[in-house]
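Since the structure comes first, as structure tokens, the remarks are kept for the end.
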Amino acid sequence: MDHLPRGAAAALLGLSLALLGTGVAQAAPPAPTAVPSAAETARVRLELPPPTGSYAVGRDTLHLVDRSRPDPWVPEAGARELMVSVYYPARPGGGRTAPYMTAAEARAFLDDRGLTDVVSARTLSGTRTHARPAATPARGKFPLVVLSPGFTVNRSTLTLLAEELAGQGYVVAAVDHAYESVGTAFPGGRLLNCVACEKISPGGYGVVPRGRAEDVSFLLDRLLADRRPAWRHARLIDPTRIGMAGHSIGGASAATTMAGDERIRAGANMDGSFMEPVPAEGLGGRPFMMLGTGDDDPSWIRDWPLLDGWKRWIVVTGAGHFTFTDVPVLGDQLGLLPPEEPLSGKRSQEITRAYVTAFFDLHLKGVDRKLLDGPTAEHPEVVFRTEG
């Protein structure tokens, strides 16, 4: 599996960019035989697959400021800031759907990966989603799942998973950590870029999950506050049923956050190296799932025995580092996945949504769908490992 690859999105799309991880360049996968032109991709209307649950999906956006600590990357900027997309079960209704990302965010994403001549910012930012802004919430109390994205990419890359979980009856808080993506829009017309990319020394990525753990604990404090919670529909959240998942270093951050915050009952790591090791004393017997590629990541081998509760190590045959995000779904629609890519965008999202949802259903709802018991004919790509 890749370790925080700065060019991984482009690599998954089949473009010849080096993947950067712990300071070592890795070979990019083969390029597609014919890269579409910008004119061709401009005719494509990108769309995420609809959620499969019984609820409609609403979305709100929060800007949170933690005045108790300065930003770790840009102290002179003042207090630590977060942008959060909150997805939630909603009542059915019409109206416009929420934007995928801003044009400025899309431009930064594409420029960083050398894709500006292939895909326009308008095409990417115009991706059709299924959540409706300010939709009327459904009645009831729901578990909360926090999602943390990979290094250099923003929270929009986890939209299809967030919408799926919300449609299945979860409140989902997808978090952008300031200065850790190549472009995230903040209030006041600010586009914060990846200052962290320039400040982290080789081998020093452990500071990222430690900082994200503080971010998530602050987020939970604000969402669960007795007086004046940060979100107007905070009453929907069941504070006794909280989970966290993430992609790449966002997934590794789930374990680090659990180690310091007992409110999180279950965690899932989607192809992220444990830059901050799992504590020797484990995670207090709480469940944890690792969902990744077939590569033998040394940190997974090292930390697997330390996971002291219910656990699964699931390998998806043919998966790439960004399989567990929106990237292969959009790449397929643009004709950018190379013929050699064994796992299609359709299968990527089907597997990701099925296994992550099954994990949280089991541990936050007490619903056992048996999917996590072992291999199934429905998902022949999925392999269960029992040891490092």
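Residues in the structure tokens are named by chain (A, B, ... in the order shown) and by number from 1 within that chain; ligands are numbered from 1 in the order shown.
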Closest-contact table, region 60-155 of chain A side, partner region 267-270 of chain A, 12 Å, counting only C-alpha atoms, as a Markdown table:
```
| residue | atom | partner | partner_atom | distance |
| --- | --- | --- | --- | --- |
| A:Leu144 | CA | A:Gly267 | CA | 11.8 |
| A:Val145 | CA | A:Gly267 | CA | 9.1 |
| A:Val146 | CA | A:Gly267 | CA | 9.4 |
| A:Leu147 | CA | A:Ala268 | CA | 9.6 |
| A:Ser148 | CA | A:Asn269 | CA | 9.9 |
| A:Pro149 | CA | A:Met270 | CA | 9.8 |
| A:Gly150 | CA | A:Met270 | CA | 9.5 |
```
Exercise for review: Per DSSP on the backbone, filter region 231-342 of chain A down to the residues in strand (DSSP E or B) and report them as a PyMOL selection string.
Suggested key: chain A and resi 237-247+266-270+288-292+311-316
Point to revise | Contact residues around Arg122 (chain A) with only C-alpha atoms at 10 Å, ignoring same-chain residues under 6 positions, as a PyMOL selection string | key: chain A and resi 42+101-104+106-107
Compile a residue-level contact table for region 313-374 of chain A against region 52-76 of chain A at a cut-off of 12 Å, reporting for every qualifying residue the shortest atom pair and its distance in Å to one decimal, with only C-alpha atoms counted, rows ordered by chain and ascending number, as CSV.
```
residue,atom,partner,partner_atom,distance
A:Gln349,CA,A:Thr52,CA,11.7
A:Glu350,CA,A:Thr52,CA,10.2
A:Arg353,CA,A:Thr52,CA,9.5
A:Ala354,CA,A:Thr52,CA,10.0
A:Thr357,CA,A:Gly53,CA,10.4
```
Could you dump the residues just selected with N, CA, C and O atoms as an mmCIF file, in the first residue's frame?
```cif
data_model
loop_
_atom_site.group_PDB
_atom_site.id
_atom_site.type_symbol
_atom_site.label_atom_id
_atom_site.label_comp_id
_atom_site.auth_asym_id
_atom_site.auth_seq_id
_atom_site.Cartn_x
_atom_site.Cartn_y
_atom_site.Cartn_z
ATOM 1 N N GLN A 349 -16.410 1.149 -5.379
ATOM 2 C CA GLN A 349 -17.357 1.780 -4.458
ATOM 3 C C GLN A 349 -18.302 0.764 -3.843
ATOM 4 O O GLN A 349 -18.700 0.909 -2.675
ATOM 5 N N GLU A 350 -18.669 -0.272 -4.581
ATOM 6 C CA GLU A 350 -19.563 -1.286 -4.020
ATOM 7 C C GLU A 350 -18.912 -1.982 -2.827
ATOM 8 O O GLU A 350 -19.549 -2.191 -1.782
ATOM 9 N N ARG A 353 -18.323 0.637 0.243
ATOM 10 C CA ARG A 353 -19.552 0.971 0.960
ATOM 11 C C ARG A 353 -20.098 -0.228 1.717
ATOM 12 O O ARG A 353 -20.549 -0.101 2.859
ATOM 13 N N ALA A 354 -20.033 -1.420 1.107
ATOM 14 C CA ALA A 354 -20.594 -2.603 1.757
ATOM 15 C C ALA A 354 -19.851 -2.954 3.037
ATOM 16 O O ALA A 354 -20.469 -3.204 4.090
ATOM 17 N N THR A 357 -19.921 -0.046 5.850
ATOM 18 C CA THR A 357 -21.254 -0.001 6.451
ATOM 19 C C THR A 357 -21.502 -1.220 7.330
ATOM 20 O O THR A 357 -22.032 -1.094 8.448
#
```
Practice item. Mind giving me the straight-line distance from CA of Asp297 (chain A) to CA of Leu364 (chain A) in Å, one decimal? Key: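 Interatomic distance here is 28.0 Å.
Taking only C-alpha atoms into account, Gly294 (chain A) lies nearest to A:Val383 out of the set A:Val383, A:Val44, A:Val119, A:Leu220.
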Quick one: residues within 10 Å of Pro99 (chain A), only C-alpha atoms, excluding same-chain residues fewer than 5 positions away - as a JSON list (two decimals) with N, CA and C atoms, in the first residue's frame?
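selection_17.json, written as the output of this step:
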```
[["chain", "number", "residue", "atom", "x", "y", "z"],
["A", 125, "SER", "N", -15.79, 20.03, -10.13],
["A", 125, "SER", "CA", -16.61, 20.66, -9.09],
["A", 125, "SER", "C", -18.09, 20.44, -9.33],
["A", 126, "GLY", "N", -18.46, 20.21, -10.59],
["A", 126, "GLY", "CA", -19.87, 20.00, -10.93],
["A", 126, "GLY", "C", -20.35, 18.57, -10.76],
["A", 127, "THR", "N", -19.54, 17.70, -10.20],
["A", 127, "THR", "CA", -19.96, 16.31, -9.95],
["A", 127, "THR", "C", -21.28, 16.29, -9.19],
["A", 128, "ARG", "N", -22.23, 15.53, -9.68],
["A", 128, "ARG", "CA", -23.55, 15.48, -9.04],
["A", 128, "ARG", "C", -23.49, 14.61, -7.79],
["A", 129, "THR", "N", -23.95, 15.17, -6.69],
["A", 129, "THR", "CA", -24.05, 14.43, -5.44],
["A", 129, "THR", "C", -25.53, 14.11, -5.17],
["A", 130, "HIS", "N", -25.81, 13.55, -4.00],
["A", 130, "HIS", "CA", -27.20, 13.17, -3.69],
["A", 130, "HIS", "C", -27.70, 13.76, -2.38],
["A", 131, "ALA", "N", -26.85, 14.50, -1.67],
["A", 131, "ALA", "CA", -27.27, 15.15, -0.44],
["A", 131, "ALA", "C", -27.86, 16.52, -0.76],
["A", 132, "ARG", "N", -28.89, 16.89, 0.00],
["A", 132, "ARG", "CA", -29.53, 18.19, -0.20],
["A", 132, "ARG", "C", -29.18, 19.12, 0.96],
["A", 133, "PRO", "N", -28.72, 20.32, 0.65],
["A", 133, "PRO", "CA", -28.40, 21.27, 1.73],
["A", 133, "PRO", "C", -29.63, 21.61, 2.55],
["A", 156, "SER", "N", -13.95, 16.08, 0.31],
["A", 156, "SER", "CA", -14.85, 15.75, -0.79],
["A", 156, "SER", "C", -14.58, 14.37, -1.37]]
```
Would you return as a compact mmCIF listing (two decimals) with all heavy atoms, in the first residue's frame the members of region 217-284 of chain A that DSSP assigns to helix (DSSP H, G or I) on this structure's backbone?
```txt
# COMPACT_ATOMS: atom_id res chain seq x y z
N SER A 217 -11.27 15.12 18.60
CA SER A 217 -11.77 15.26 19.96
C SER A 217 -12.44 16.63 20.16
O SER A 217 -13.49 16.73 20.81
CB SER A 217 -10.64 15.07 20.97
OG SER A 217 -10.23 13.71 20.99
N PHE A 218 -11.85 17.67 19.58
CA PHE A 218 -12.47 18.99 19.64
C PHE A 218 -13.81 18.98 18.90
O PHE A 218 -14.82 19.54 19.38
CB PHE A 218 -11.54 20.03 19.04
CG PHE A 218 -12.18 21.36 18.74
CD1 PHE A 218 -12.58 22.20 19.77
CD2 PHE A 218 -12.41 21.76 17.43
CE1 PHE A 218 -13.19 23.42 19.50
CE2 PHE A 218 -13.02 22.97 17.14
CZ PHE A 218 -13.41 23.81 18.19
N LEU A 219 -13.85 18.35 17.74
CA LEU A 219 -15.09 18.24 16.98
C LEU A 219 -16.18 17.56 17.81
O LEU A 219 -17.33 18.04 17.86
CB LEU A 219 -14.85 17.46 15.68
CG LEU A 219 -16.08 17.02 14.90
CD1 LEU A 219 -16.85 18.21 14.37
CD2 LEU A 219 -15.67 16.09 13.75
N LEU A 220 -15.83 16.46 18.46
CA LEU A 220 -16.82 15.77 19.29
C LEU A 220 -17.28 16.65 20.45
O LEU A 220 -18.48 16.67 20.79
CB LEU A 220 -16.24 14.46 19.81
CG LEU A 220 -15.89 13.40 18.77
CD1 LEU A 220 -15.38 12.13 19.44
CD2 LEU A 220 -17.09 13.08 17.88
N ASP A 221 -16.35 17.36 21.06
CA ASP A 221 -16.74 18.28 22.13
C ASP A 221 -17.79 19.28 21.65
O ASP A 221 -18.77 19.56 22.35
CB ASP A 221 -15.52 19.06 22.64
CG ASP A 221 -14.54 18.21 23.42
OD1 ASP A 221 -14.90 17.10 23.85
OD2 ASP A 221 -13.39 18.67 23.58
N ARG A 222 -17.60 19.78 20.45
CA ARG A 222 -18.51 20.81 19.93
C ARG A 222 -19.84 20.22 19.46
O ARG A 222 -20.88 20.85 19.60
CB ARG A 222 -17.84 21.56 18.77
CG ARG A 222 -16.60 22.34 19.19
CD ARG A 222 -16.96 23.52 20.12
NE ARG A 222 -17.73 24.53 19.38
CZ ARG A 222 -18.98 24.85 19.63
NH1 ARG A 222 -19.66 24.25 20.59
NH2 ARG A 222 -19.58 25.77 18.92
N LEU A 223 -19.81 19.02 18.91
CA LEU A 223 -21.05 18.40 18.45
C LEU A 223 -21.90 17.89 19.61
O LEU A 223 -23.14 17.89 19.53
CB LEU A 223 -20.75 17.24 17.50
CG LEU A 223 -20.20 17.59 16.12
CD1 LEU A 223 -19.91 16.32 15.33
CD2 LEU A 223 -21.16 18.49 15.34
N ALA A 234 -27.86 18.72 16.31
CA ALA A 234 -27.03 17.84 17.15
C ALA A 234 -27.86 16.84 17.95
O ALA A 234 -27.36 15.79 18.35
CB ALA A 234 -26.17 18.68 18.08
N ARG A 235 -29.13 17.14 18.14
CA ARG A 235 -30.00 16.23 18.88
C ARG A 235 -30.15 14.88 18.17
O ARG A 235 -30.57 13.88 18.79
CB ARG A 235 -31.38 16.85 19.06
CG ARG A 235 -32.15 17.02 17.76
CD ARG A 235 -33.48 17.76 17.92
NE ARG A 235 -34.21 17.84 16.67
CZ ARG A 235 -33.97 18.73 15.72
NH1 ARG A 235 -32.98 19.63 15.88
NH2 ARG A 235 -34.68 18.75 14.61
N LEU A 236 -29.82 14.83 16.87
CA LEU A 236 -29.91 13.57 16.13
C LEU A 236 -28.84 12.57 16.56
O LEU A 236 -28.98 11.37 16.33
CB LEU A 236 -29.76 13.83 14.63
CG LEU A 236 -30.82 14.65 13.90
CD1 LEU A 236 -30.43 14.80 12.44
CD2 LEU A 236 -32.18 13.98 14.03
N ILE A 249 -3.67 8.39 5.69
CA ILE A 249 -3.32 8.83 7.05
C ILE A 249 -4.56 9.19 7.86
O ILE A 249 -4.52 9.21 9.09
CB ILE A 249 -2.31 9.98 7.02
CG1 ILE A 249 -1.47 9.95 8.31
CG2 ILE A 249 -2.99 11.32 6.83
CD1 ILE A 249 -0.21 10.78 8.25
N GLY A 250 -5.68 9.44 7.18
CA GLY A 250 -6.93 9.63 7.90
C GLY A 250 -7.39 8.35 8.58
O GLY A 250 -7.99 8.39 9.66
N GLY A 251 -7.11 7.20 7.95
CA GLY A 251 -7.43 5.92 8.57
C GLY A 251 -6.52 5.61 9.73
O GLY A 251 -6.95 5.12 10.78
N ALA A 252 -5.21 5.90 9.56
CA ALA A 252 -4.27 5.73 10.66
C ALA A 252 -4.66 6.62 11.83
O ALA A 252 -4.50 6.26 13.01
CB ALA A 252 -2.86 6.05 10.20
N SER A 253 -5.20 7.80 11.53
CA SER A 253 -5.61 8.74 12.58
C SER A 253 -6.78 8.20 13.39
O SER A 253 -6.98 8.63 14.54
CB SER A 253 -5.97 10.09 11.96
OG SER A 253 -4.86 10.66 11.29
N ALA A 254 -7.56 7.30 12.81
CA ALA A 254 -8.67 6.71 13.57
C ALA A 254 -8.15 5.96 14.78
O ALA A 254 -8.70 6.06 15.89
CB ALA A 254 -9.50 5.80 12.67
N ALA A 255 -7.07 5.19 14.60
CA ALA A 255 -6.50 4.44 15.72
C ALA A 255 -5.90 5.38 16.76
O ALA A 255 -6.08 5.20 17.97
CB ALA A 255 -5.44 3.47 15.21
N THR A 256 -5.19 6.41 16.29
CA THR A 256 -4.59 7.37 17.22
C THR A 256 -5.66 8.10 18.01
O THR A 256 -5.52 8.34 19.21
CB THR A 256 -3.71 8.37 16.45
OG1 THR A 256 -2.70 7.67 15.74
CG2 THR A 256 -3.06 9.38 17.39
N THR A 257 -6.75 8.47 17.35
CA THR A 257 -7.84 9.17 18.03
C THR A 257 -8.49 8.26 19.06
O THR A 257 -8.79 8.69 20.19
CB THR A 257 -8.88 9.65 17.02
OG1 THR A 257 -8.24 10.43 16.00
CG2 THR A 257 -9.94 10.52 17.70
N MET A 258 -8.71 6.99 18.70
CA MET A 258 -9.30 6.05 19.64
C MET A 258 -8.43 5.88 20.88
O MET A 258 -8.94 5.74 22.00
CB MET A 258 -9.54 4.71 18.96
CG MET A 258 -10.65 4.70 17.94
SD MET A 258 -10.84 3.10 17.12
CE MET A 258 -11.48 2.09 18.47
N ALA A 259 -7.11 5.87 20.67
CA ALA A 259 -6.20 5.68 21.79
C ALA A 259 -6.35 6.77 22.85
O ALA A 259 -6.14 6.53 24.04
CB ALA A 259 -4.76 5.61 21.30
N GLY A 260 -6.74 7.97 22.42
CA GLY A 260 -6.84 9.09 23.35
C GLY A 260 -8.25 9.53 23.66
O GLY A 260 -8.44 10.42 24.49
```
Practice item. Might you pull out every residue within 7 Å of region 298-308 of chain A, with only C-alpha atoms counted and same-chain residues fewer than 6 positions away left off, and present them as a VMD selection string? Key: chain A and resid 273 to 274 277 to 278 280 282 to 285 388
Point to revise | Spatial neighbours of region 196-209 of chain A, 6 Å, only C-alpha atoms, chain gap at least 2 places, as a list of chain:residue names | key: A:Thr22, A:Gly23, A:Trp73, A:Tyr179, A:Glu180, A:Cys194, A:Gly211, A:Arg212, A:Ala213, A:Ser253, A:Met275, A:Glu276
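The neighbours of Ile264 (chain A) here are the residues that come within 7 Å of it, using only C-alpha atoms and leaving out any residue fewer than 5 positions away in the same chain; they are Ile242, Gly243, Met244 and Met258 of chain A.
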Write out, as a PDB file, in the first residue's frame, the residues just selected, with N, CA, C and O atoms.
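Final file, out.pdb:
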```pdb
ATOM      1  N   ILE A 242     -20.440   6.172  18.641  1.00  0.00           N
ATOM      2  CA  ILE A 242     -19.584   6.988  17.789  1.00  0.00           C
ATOM      3  C   ILE A 242     -18.477   6.124  17.186  1.00  0.00           C
ATOM      4  O   ILE A 242     -17.845   5.331  17.890  1.00  0.00           O
ATOM      5  N   GLY A 243     -18.242   6.277  15.898  1.00  0.00           N
ATOM      6  CA  GLY A 243     -17.158   5.570  15.215  1.00  0.00           C
ATOM      7  C   GLY A 243     -16.340   6.539  14.388  1.00  0.00           C
ATOM      8  O   GLY A 243     -16.716   7.697  14.198  1.00  0.00           O
ATOM      9  N   MET A 244     -15.211   6.062  13.897  1.00  0.00           N
ATOM     10  CA  MET A 244     -14.361   6.885  13.038  1.00  0.00           C
ATOM     11  C   MET A 244     -13.723   6.015  11.974  1.00  0.00           C
ATOM     12  O   MET A 244     -13.322   4.869  12.236  1.00  0.00           O
ATOM     13  N   MET A 258      -8.712   6.995  18.700  1.00  0.00           N
ATOM     14  CA  MET A 258      -9.304   6.052  19.640  1.00  0.00           C
ATOM     15  C   MET A 258      -8.430   5.877  20.876  1.00  0.00           C
ATOM     16  O   MET A 258      -8.938   5.740  21.998  1.00  0.00           O
TER      17      MET A 258
END
```
Study note, to complete from the structure: As a check of understanding: the span from CA of Ala377 (chain A) to CA of Phe288 (chain A) is 24.0 Å
Check your understanding: Between A:Gly292, A:Phe142, A:Val182, A:Glu381, which has the minimum distance to Asp112 (chain A) (counting only C-alpha atoms)?
Key -> A:Val182
Practice item. Figure out the distance between CA of Thr152 (chain A) and CA of Leu48 (chain A), please, to one decimal in Å. Key: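 A separation of 21.3 Å between them.
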